[in-house]
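Listing of my_file-v9.tsv; format and content: TSV, N, CA, C and O atoms.
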```tsv
chain	number	residue	atom	x	y	z
A	1	MET	N	26.19	3.74	-6.66
A	1	MET	CA	25.37	3.67	-7.85
A	1	MET	C	24.36	2.53	-7.69
A	1	MET	O	24.66	1.49	-7.11
A	2	ILE	N	23.17	2.74	-8.20
A	2	ILE	CA	22.12	1.72	-8.15
A	2	ILE	C	22.11	0.97	-9.48
A	2	ILE	O	22.14	1.58	-10.54
A	3	THR	N	22.06	-0.35	-9.38
A	3	THR	CA	21.97	-1.21	-10.55
A	3	THR	C	20.54	-1.73	-10.65
A	3	THR	O	20.01	-2.25	-9.66
A	4	ILE	N	19.92	-1.59	-11.81
A	4	ILE	CA	18.54	-2.04	-12.03
A	4	ILE	C	18.58	-3.40	-12.72
A	4	ILE	O	19.33	-3.59	-13.68
A	5	ARG	N	17.75	-4.32	-12.22
A	5	ARG	CA	17.65	-5.63	-12.86
A	5	ARG	C	16.25	-6.18	-12.65
A	5	ARG	O	15.51	-5.73	-11.77
A	6	LYS	N	15.90	-7.16	-13.48
A	6	LYS	CA	14.61	-7.82	-13.34
A	6	LYS	C	14.63	-8.65	-12.06
A	6	LYS	O	15.61	-9.34	-11.78
A	7	ALA	N	13.57	-8.59	-11.29
A	7	ALA	CA	13.48	-9.33	-10.04
A	7	ALA	C	13.25	-10.82	-10.31
A	7	ALA	O	12.70	-11.20	-11.34
A	8	SER	N	13.67	-11.63	-9.35
A	8	SER	CA	13.45	-13.07	-9.43
A	8	SER	C	12.84	-13.55	-8.12
A	8	SER	O	12.71	-12.79	-7.15
A	9	GLU	N	12.46	-14.82	-8.10
A	9	GLU	CA	11.82	-15.38	-6.90
A	9	GLU	C	12.70	-15.25	-5.66
A	9	GLU	O	12.18	-15.14	-4.56
A	10	LYS	N	14.00	-15.24	-5.83
A	10	LYS	CA	14.89	-15.12	-4.67
A	10	LYS	C	14.80	-13.74	-4.02
A	10	LYS	O	15.25	-13.54	-2.90
A	11	ASP	N	14.17	-12.78	-4.70
A	11	ASP	CA	14.04	-11.42	-4.19
A	11	ASP	C	12.77	-11.17	-3.39
A	11	ASP	O	12.62	-10.11	-2.77
A	12	ILE	N	11.85	-12.10	-3.38
A	12	ILE	CA	10.52	-11.87	-2.81
A	12	ILE	C	10.58	-11.35	-1.38
A	12	ILE	O	9.97	-10.32	-1.06
A	13	GLU	N	11.28	-12.04	-0.51
A	13	GLU	CA	11.30	-11.64	0.91
A	13	GLU	C	11.95	-10.27	1.10
A	13	GLU	O	11.48	-9.47	1.92
A	14	ASN	N	13.00	-9.97	0.33
A	14	ASN	CA	13.65	-8.67	0.44
A	14	ASN	C	12.78	-7.54	-0.08
A	14	ASN	O	12.79	-6.44	0.45
A	15	VAL	N	12.01	-7.81	-1.14
A	15	VAL	CA	11.08	-6.80	-1.65
A	15	VAL	C	9.96	-6.57	-0.63
A	15	VAL	O	9.58	-5.42	-0.36
A	16	LEU	N	9.46	-7.64	-0.03
A	16	LEU	CA	8.44	-7.49	1.02
A	16	LEU	C	8.97	-6.64	2.17
A	16	LEU	O	8.26	-5.77	2.69
A	17	LYS	N	10.19	-6.89	2.56
A	17	LYS	CA	10.82	-6.12	3.64
A	17	LYS	C	10.92	-4.65	3.25
A	17	LYS	O	10.61	-3.76	4.05
A	18	LEU	N	11.37	-4.38	2.03
A	18	LEU	CA	11.48	-3.00	1.54
A	18	LEU	C	10.12	-2.31	1.57
A	18	LEU	O	9.98	-1.20	2.07
A	19	TYR	N	9.10	-2.97	1.03
A	19	TYR	CA	7.76	-2.38	1.01
A	19	TYR	C	7.25	-2.12	2.42
A	19	TYR	O	6.61	-1.11	2.68
A	20	SER	N	7.53	-3.02	3.35
A	20	SER	CA	7.12	-2.82	4.74
A	20	SER	C	7.77	-1.57	5.33
A	20	SER	O	7.11	-0.77	6.01
A	21	GLU	N	9.04	-1.39	5.04
A	21	GLU	CA	9.76	-0.20	5.52
A	21	GLU	C	9.19	1.07	4.90
A	21	GLU	O	9.04	2.08	5.58
A	22	VAL	N	8.85	1.00	3.62
A	22	VAL	CA	8.26	2.16	2.94
A	22	VAL	C	6.91	2.51	3.58
A	22	VAL	O	6.62	3.68	3.84
A	23	ILE	N	6.09	1.49	3.84
A	23	ILE	CA	4.78	1.73	4.46
A	23	ILE	C	4.95	2.46	5.78
A	23	ILE	O	4.24	3.43	6.08
A	24	ASP	N	5.91	2.02	6.60
A	24	ASP	CA	6.15	2.67	7.89
A	24	ASP	C	6.61	4.11	7.71
A	24	ASP	O	6.21	4.99	8.48
A	25	GLN	N	7.43	4.38	6.70
A	25	GLN	CA	7.97	5.71	6.49
A	25	GLN	C	6.96	6.70	5.92
A	25	GLN	O	7.05	7.91	6.19
A	26	ILE	N	6.00	6.23	5.13
A	26	ILE	CA	5.07	7.15	4.47
A	26	ILE	C	3.70	7.21	5.13
A	26	ILE	O	2.82	7.92	4.67
A	27	ARG	N	3.56	6.50	6.23
A	27	ARG	CA	2.26	6.39	6.91
A	27	ARG	C	1.56	7.73	7.08
A	27	ARG	O	0.38	7.87	6.84
A	28	ASP	N	2.27	8.76	7.53
A	28	ASP	CA	1.66	10.06	7.81
A	28	ASP	C	1.92	11.09	6.72
A	28	ASP	O	1.62	12.26	6.89
A	29	ASN	N	2.44	10.66	5.60
A	29	ASN	CA	2.75	11.55	4.49
A	29	ASN	C	1.47	11.86	3.72
A	29	ASN	O	0.67	10.98	3.44
A	30	GLU	N	1.28	13.10	3.34
A	30	GLU	CA	0.05	13.47	2.62
A	30	GLU	C	-0.02	12.86	1.23
A	30	GLU	O	-1.10	12.75	0.65
A	31	SER	N	1.11	12.44	0.67
A	31	SER	CA	1.09	11.79	-0.65
A	31	SER	C	1.16	10.27	-0.52
A	31	SER	O	1.61	9.58	-1.42
A	32	ASN	N	0.68	9.74	0.59
A	32	ASN	CA	0.65	8.30	0.84
A	32	ASN	C	-0.23	7.61	-0.20
A	32	ASN	O	-1.37	8.00	-0.41
A	33	PRO	N	0.29	6.57	-0.89
A	33	PRO	CA	-0.50	5.89	-1.91
A	33	PRO	C	-1.56	4.95	-1.35
A	33	PRO	O	-2.26	4.30	-2.11
A	34	GLY	N	-1.69	4.88	-0.03
A	34	GLY	CA	-2.72	4.03	0.57
A	34	GLY	C	-2.27	2.61	0.84
A	34	GLY	O	-3.09	1.74	1.08
A	35	TRP	N	-0.97	2.36	0.80
A	35	TRP	CA	-0.47	1.03	1.09
A	35	TRP	C	-0.67	0.73	2.57
A	35	TRP	O	-0.56	1.61	3.42
A	36	GLU	N	-1.01	-0.53	2.87
A	36	GLU	CA	-1.22	-0.97	4.25
A	36	GLU	C	-0.60	-2.34	4.44
A	36	GLU	O	-0.70	-3.20	3.55
A	37	HIS	N	-0.01	-2.55	5.62
A	37	HIS	CA	0.54	-3.87	5.95
A	37	HIS	C	-0.53	-4.94	5.80
A	37	HIS	O	-1.65	-4.78	6.28
A	38	GLY	N	-0.22	-6.00	5.10
A	38	GLY	CA	-1.12	-7.13	4.94
A	38	GLY	C	-2.24	-6.92	3.93
A	38	GLY	O	-2.98	-7.84	3.64
A	39	VAL	N	-2.37	-5.71	3.41
A	39	VAL	CA	-3.43	-5.41	2.44
A	39	VAL	C	-2.82	-5.23	1.05
A	39	VAL	O	-3.19	-5.93	0.11
A	40	TYR	N	-1.93	-4.27	0.91
A	40	TYR	CA	-1.24	-4.03	-0.35
A	40	TYR	C	0.02	-3.25	-0.07
A	40	TYR	O	-0.02	-2.31	0.70
A	41	PRO	N	1.11	-3.61	-0.70
A	41	PRO	CA	1.33	-4.79	-1.52
A	41	PRO	C	1.56	-6.03	-0.67
A	41	PRO	O	2.16	-5.96	0.39
A	42	ARG	N	1.06	-7.15	-1.17
A	42	ARG	CA	1.22	-8.44	-0.49
A	42	ARG	C	2.17	-9.32	-1.29
A	42	ARG	O	2.49	-9.03	-2.44
A	43	LYS	N	2.56	-10.40	-0.67
A	43	LYS	CA	3.46	-11.35	-1.32
A	43	LYS	C	2.89	-11.80	-2.66
A	43	LYS	O	3.61	-11.93	-3.65
A	44	GLU	N	1.58	-12.02	-2.70
A	44	GLU	CA	0.91	-12.44	-3.94
A	44	GLU	C	1.14	-11.43	-5.06
A	44	GLU	O	1.39	-11.80	-6.21
A	45	ASN	N	1.07	-10.13	-4.75
A	45	ASN	CA	1.29	-9.09	-5.75
A	45	ASN	C	2.71	-9.14	-6.30
A	45	ASN	O	2.93	-9.00	-7.51
A	46	ILE	N	3.66	-9.36	-5.41
A	46	ILE	CA	5.06	-9.43	-5.81
A	46	ILE	C	5.30	-10.66	-6.68
A	46	ILE	O	5.94	-10.57	-7.73
A	47	CYS	N	4.77	-11.79	-6.26
A	47	CYS	CA	4.93	-13.03	-7.04
A	47	CYS	C	4.30	-12.89	-8.42
A	47	CYS	O	4.90	-13.32	-9.42
A	48	ASP	N	3.11	-12.31	-8.48
A	48	ASP	CA	2.45	-12.10	-9.78
A	48	ASP	C	3.31	-11.24	-10.70
A	48	ASP	O	3.44	-11.52	-11.89
A	49	ALA	N	3.87	-10.16	-10.15
A	49	ALA	CA	4.69	-9.26	-10.96
A	49	ALA	C	5.97	-9.94	-11.43
A	49	ALA	O	6.41	-9.73	-12.56
A	50	ILE	N	6.56	-10.77	-10.57
A	50	ILE	CA	7.76	-11.50	-10.98
A	50	ILE	C	7.41	-12.50	-12.06
A	50	ILE	O	8.11	-12.60	-13.08
A	51	ASN	N	6.33	-13.25	-11.89
A	51	ASN	CA	5.93	-14.24	-12.89
A	51	ASN	C	5.60	-13.60	-14.23
A	51	ASN	O	5.81	-14.20	-15.29
A	52	ALA	N	5.08	-12.38	-14.20
A	52	ALA	CA	4.77	-11.65	-15.43
A	52	ALA	C	6.01	-10.93	-16.00
A	52	ALA	O	5.91	-10.25	-17.02
A	53	GLU	N	7.13	-11.06	-15.29
A	53	GLU	CA	8.39	-10.40	-15.67
A	53	GLU	C	8.23	-8.89	-15.73
A	53	GLU	O	8.77	-8.21	-16.60
A	54	GLU	N	7.49	-8.33	-14.74
A	54	GLU	CA	7.23	-6.90	-14.70
A	54	GLU	C	7.84	-6.21	-13.48
A	54	GLU	O	7.76	-4.98	-13.37
A	55	LEU	N	8.43	-6.97	-12.57
A	55	LEU	CA	9.01	-6.37	-11.36
A	55	LEU	C	10.52	-6.21	-11.55
A	55	LEU	O	11.21	-7.16	-11.92
A	56	TYR	N	10.98	-5.00	-11.31
A	56	TYR	CA	12.41	-4.69	-11.38
A	56	TYR	C	12.84	-4.17	-10.02
A	56	TYR	O	12.06	-3.53	-9.32
A	57	VAL	N	14.09	-4.45	-9.67
A	57	VAL	CA	14.64	-3.97	-8.41
A	57	VAL	C	15.89	-3.16	-8.69
A	57	VAL	O	16.60	-3.40	-9.67
A	58	GLY	N	16.13	-2.20	-7.81
A	58	GLY	CA	17.37	-1.44	-7.84
A	58	GLY	C	18.22	-1.90	-6.68
A	58	GLY	O	17.74	-1.98	-5.55
A	59	GLU	N	19.46	-2.24	-6.95
A	59	GLU	CA	20.38	-2.70	-5.90
A	59	GLU	C	21.50	-1.69	-5.69
A	59	GLU	O	22.06	-1.16	-6.65
A	60	LYS	N	21.80	-1.49	-4.42
A	60	LYS	CA	22.94	-0.65	-4.04
A	60	LYS	C	23.70	-1.42	-2.98
A	60	LYS	O	23.10	-1.85	-1.98
A	61	ASP	N	24.96	-1.62	-3.20
A	61	ASP	CA	25.80	-2.38	-2.26
A	61	ASP	C	25.20	-3.76	-1.98
A	61	ASP	O	25.14	-4.21	-0.83
A	62	ASN	N	24.71	-4.41	-3.03
A	62	ASN	CA	24.14	-5.76	-2.97
A	62	ASN	C	22.87	-5.86	-2.11
A	62	ASN	O	22.52	-6.95	-1.66
A	63	GLU	N	22.20	-4.76	-1.88
A	63	GLU	CA	20.92	-4.76	-1.16
A	63	GLU	C	19.87	-4.09	-2.02
A	63	GLU	O	20.15	-3.11	-2.71
A	64	ILE	N	18.64	-4.60	-1.95
A	64	ILE	CA	17.55	-4.01	-2.72
A	64	ILE	C	17.18	-2.67	-2.10
A	64	ILE	O	16.84	-2.58	-0.92
A	65	ALA	N	17.28	-1.62	-2.92
A	65	ALA	CA	16.99	-0.27	-2.47
A	65	ALA	C	15.73	0.29	-3.10
A	65	ALA	O	15.22	1.32	-2.67
A	66	SER	N	15.22	-0.38	-4.13
A	66	SER	CA	14.00	0.08	-4.80
A	66	SER	C	13.37	-1.09	-5.53
A	66	SER	O	14.02	-2.09	-5.83
A	67	ALA	N	12.08	-0.93	-5.82
A	67	ALA	CA	11.35	-1.93	-6.59
A	67	ALA	C	10.24	-1.21	-7.35
A	67	ALA	O	9.62	-0.29	-6.82
A	68	ILE	N	10.02	-1.65	-8.59
A	68	ILE	CA	9.01	-1.01	-9.41
A	68	ILE	C	8.41	-2.04	-10.38
A	68	ILE	O	9.12	-2.89	-10.90
A	69	VAL	N	7.11	-1.93	-10.57
A	69	VAL	CA	6.43	-2.74	-11.57
A	69	VAL	C	6.31	-1.89	-12.83
A	69	VAL	O	5.83	-0.75	-12.77
A	70	ILE	N	6.76	-2.45	-13.94
A	70	ILE	CA	6.67	-1.73	-15.22
A	70	ILE	C	5.82	-2.56	-16.17
A	70	ILE	O	6.15	-3.70	-16.50
A	71	ASN	N	4.67	-1.99	-16.53
A	71	ASN	CA	3.78	-2.62	-17.51
A	71	ASN	C	2.94	-1.53	-18.15
A	71	ASN	O	3.13	-0.34	-17.85
A	72	ASN	N	2.00	-1.91	-18.99
A	72	ASN	CA	1.17	-0.91	-19.67
A	72	ASN	C	-0.27	-0.91	-19.17
A	72	ASN	O	-1.16	-0.46	-19.86
A	73	ARG	N	-0.47	-1.40	-17.95
A	73	ARG	CA	-1.80	-1.41	-17.36
A	73	ARG	C	-1.89	-0.38	-16.23
A	73	ARG	O	-0.91	-0.10	-15.55
A	74	THR	N	-3.08	0.16	-16.04
A	74	THR	CA	-3.32	1.12	-14.95
A	74	THR	C	-4.09	0.42	-13.86
A	74	THR	O	-5.12	-0.20	-14.11
A	75	ASN	N	-3.57	0.50	-12.63
A	75	ASN	CA	-4.33	-0.05	-11.49
A	75	ASN	C	-5.59	0.78	-11.30
A	75	ASN	O	-5.59	1.99	-11.52
A	76	GLU	N	-6.64	0.13	-10.88
A	76	GLU	CA	-7.94	0.77	-10.71
A	76	GLU	C	-7.84	2.06	-9.89
A	76	GLU	O	-8.45	3.07	-10.21
A	77	GLY	N	-7.08	2.06	-8.82
A	77	GLY	CA	-6.97	3.22	-7.96
A	77	GLY	C	-6.17	4.38	-8.55
A	77	GLY	O	-6.18	5.48	-8.02
A	78	HIS	N	-5.50	4.16	-9.67
A	78	HIS	CA	-4.68	5.20	-10.27
A	78	HIS	C	-5.29	5.79	-11.54
A	78	HIS	O	-4.68	6.64	-12.17
A	79	LYS	N	-6.47	5.37	-11.91
A	79	LYS	CA	-7.10	5.91	-13.12
A	79	LYS	C	-7.57	7.34	-12.88
A	79	LYS	O	-8.01	7.70	-11.79
A	80	PHE	N	-7.50	8.15	-13.93
A	80	PHE	CA	-7.94	9.55	-13.84
A	80	PHE	C	-9.33	9.69	-14.35
A	80	PHE	O	-9.78	9.06	-15.23
```

What is this structure when it is put down as structure tokens?
Amino acid sequence: MITIRKASEKDIENVLKLYSEVIDQIRDNESNPGWEHGVYPRKENICDAINAEELYVGEKDNEIASAIVINNRTNEGHKF
């Protein structure tokens, strides 16, 4: 079972690692959101989301298995 909780500063490196793995896995996927190593998401994005209390992580067996930003703003690239 996955447990969802608000992320904290101690999660930054693990979230970066997760995002890096996701980038590698979706690189050739047609529904790729355009994430790139060193471009987006960066450590700064993760820190900003944690400071705004908008980043949540899902843990399974004490490891971060997911991460999501929850807020009411639309990123420029996602507007319709």

Mind giving me the straight-line distance from atom N of Asn32 in chain A to atom C of Ser20 in chain A in Å, one decimal?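 So the two atoms, atom N of Asn32 in chain A and atom C of Ser20 in chain A, lie 14.2 Å apart.
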
At a cut-off of 8 Å, using only N, CA, C and O atoms, what residues contact Asn71 in chain A? Leave out same-chain residues fewer than 2 positions from it and give the result as a PDB file with N, CA, C and O atoms, in the coordinates of the input.
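Now in result32.pdb:
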```pdb
ATOM      1  N   ALA A  52       5.080 -12.380 -14.200  1.00  0.00           N
ATOM      2  CA  ALA A  52       4.770 -11.650 -15.430  1.00  0.00           C
ATOM      3  C   ALA A  52       6.010 -10.930 -16.000  1.00  0.00           C
ATOM      4  O   ALA A  52       5.910 -10.250 -17.020  1.00  0.00           O
ATOM      5  N   GLU A  53       7.130 -11.060 -15.290  1.00  0.00           N
ATOM      6  CA  GLU A  53       8.390 -10.400 -15.670  1.00  0.00           C
ATOM      7  C   GLU A  53       8.230  -8.890 -15.730  1.00  0.00           C
ATOM      8  O   GLU A  53       8.770  -8.210 -16.600  1.00  0.00           O
ATOM      9  N   GLU A  54       7.490  -8.330 -14.740  1.00  0.00           N
ATOM     10  CA  GLU A  54       7.230  -6.900 -14.700  1.00  0.00           C
ATOM     11  C   GLU A  54       7.840  -6.210 -13.480  1.00  0.00           C
ATOM     12  O   GLU A  54       7.760  -4.980 -13.370  1.00  0.00           O
ATOM     13  N   LEU A  55       8.430  -6.970 -12.570  1.00  0.00           N
ATOM     14  CA  LEU A  55       9.010  -6.370 -11.360  1.00  0.00           C
ATOM     15  C   LEU A  55      10.520  -6.210 -11.550  1.00  0.00           C
ATOM     16  O   LEU A  55      11.210  -7.160 -11.920  1.00  0.00           O
ATOM     17  N   ILE A  68      10.020  -1.650  -8.590  1.00  0.00           N
ATOM     18  CA  ILE A  68       9.010  -1.010  -9.410  1.00  0.00           C
ATOM     19  C   ILE A  68       8.410  -2.040 -10.380  1.00  0.00           C
ATOM     20  O   ILE A  68       9.120  -2.890 -10.900  1.00  0.00           O
ATOM     21  N   VAL A  69       7.110  -1.930 -10.570  1.00  0.00           N
ATOM     22  CA  VAL A  69       6.430  -2.740 -11.570  1.00  0.00           C
ATOM     23  C   VAL A  69       6.310  -1.890 -12.830  1.00  0.00           C
ATOM     24  O   VAL A  69       5.830  -0.750 -12.770  1.00  0.00           O
ATOM     25  N   ARG A  73      -0.470  -1.400 -17.950  1.00  0.00           N
ATOM     26  CA  ARG A  73      -1.800  -1.410 -17.360  1.00  0.00           C
ATOM     27  C   ARG A  73      -1.890  -0.380 -16.230  1.00  0.00           C
ATOM     28  O   ARG A  73      -0.910  -0.100 -15.550  1.00  0.00           O
ATOM     29  N   THR A  74      -3.080   0.160 -16.040  1.00  0.00           N
ATOM     30  CA  THR A  74      -3.320   1.120 -14.950  1.00  0.00           C
ATOM     31  C   THR A  74      -4.090   0.420 -13.860  1.00  0.00           C
ATOM     32  O   THR A  74      -5.120  -0.200 -14.110  1.00  0.00           O
TER      33      THR A  74
END
```

Could you tell me how far atom O of Trp35 in chain A sits from atom O of Ile23 in chain A, in Å to one decimal place?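 Those two atoms sit 5.8 Å apart.
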
Distance of CA of Leu16 in chain A from CA of Ile64 in chain A, expressed in Å to one decimal place: 10.4 Å

From the list A:Asn14, A:Tyr40, A:Ile50, A:Ser8, which residue is nearest Glu63 in chain A when using only N, CA, C and O atoms? A:Asn14

DSSP on the backbone, then: every residue of chain A marked alpha helix (DSSP H), written as a list in words. Ile12, Glu13, Asn14, Val15, Leu16, Lys17, Leu18, Tyr19, Ser20, Glu21, Val22, Ile23, Asp24, Gln25, Ile26, Lys43, Glu44, Asn45, Ile46, Cys47, Asp48, Ala49, Ile50 and Asn51 of chain A

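Ranking A:Ser66, A:Asn45, A:Ser31, A:Asn72 by their shortest atom-to-atom distance to Leu18 in chain A, with all atoms listed in the file included, puts A:Ser66 first.
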
Let me make sure I understand: among A:Ile70, A:Asp61, A:Glu30, A:Pro41, which one has the smallest atom-to-atom distance to Val15 in chain A if we use only N, CA, C and O atoms?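 The answer is A:Pro41, which sits nearest to Val15 in chain A.
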
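Across A:Asn62, A:Tyr56, A:Arg5, A:Glu13, the tightest approach to Lys43 in chain A is made by A:Glu13 when counting all atoms listed in the file.
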
For the structure I just gave you, how does DSSP split range 13-66 of chain A - specifically, which residues are strand (DSSP E or B)? Reply as a ChimeraX atom specification. /A:36,40,55-60,63-66

Expected file contents, prior selection, N, CA, C and O atoms, as a compact mmCIF listing (two decimals), in the frame of the given file:
```txt
# COMPACT_ATOMS: atom_id res chain seq x y z
N GLU A 36 -1.01 -0.53 2.87
CA GLU A 36 -1.22 -0.97 4.25
C GLU A 36 -0.60 -2.34 4.44
O GLU A 36 -0.70 -3.20 3.55
N TYR A 40 -1.93 -4.27 0.91
CA TYR A 40 -1.24 -4.03 -0.35
C TYR A 40 0.02 -3.25 -0.07
O TYR A 40 -0.02 -2.31 0.70
N LEU A 55 8.43 -6.97 -12.57
CA LEU A 55 9.01 -6.37 -11.36
C LEU A 55 10.52 -6.21 -11.55
O LEU A 55 11.21 -7.16 -11.92
N TYR A 56 10.98 -5.00 -11.31
CA TYR A 56 12.41 -4.69 -11.38
C TYR A 56 12.84 -4.17 -10.02
O TYR A 56 12.06 -3.53 -9.32
N VAL A 57 14.09 -4.45 -9.67
CA VAL A 57 14.64 -3.97 -8.41
C VAL A 57 15.89 -3.16 -8.69
O VAL A 57 16.60 -3.40 -9.67
N GLY A 58 16.13 -2.20 -7.81
CA GLY A 58 17.37 -1.44 -7.84
C GLY A 58 18.22 -1.90 -6.68
O GLY A 58 17.74 -1.98 -5.55
N GLU A 59 19.46 -2.24 -6.95
CA GLU A 59 20.38 -2.70 -5.90
C GLU A 59 21.50 -1.69 -5.69
O GLU A 59 22.06 -1.16 -6.65
N LYS A 60 21.80 -1.49 -4.42
CA LYS A 60 22.94 -0.65 -4.04
C LYS A 60 23.70 -1.42 -2.98
O LYS A 60 23.10 -1.85 -1.98
N GLU A 63 22.20 -4.76 -1.88
CA GLU A 63 20.92 -4.76 -1.16
C GLU A 63 19.87 -4.09 -2.02
O GLU A 63 20.15 -3.11 -2.71
N ILE A 64 18.64 -4.60 -1.95
CA ILE A 64 17.55 -4.01 -2.72
C ILE A 64 17.18 -2.67 -2.10
O ILE A 64 16.84 -2.58 -0.92
N ALA A 65 17.28 -1.62 -2.92
CA ALA A 65 16.99 -0.27 -2.47
C ALA A 65 15.73 0.29 -3.10
O ALA A 65 15.22 1.32 -2.67
N SER A 66 15.22 -0.38 -4.13
CA SER A 66 14.00 0.08 -4.80
C SER A 66 13.37 -1.09 -5.53
O SER A 66 14.02 -2.09 -5.83
```
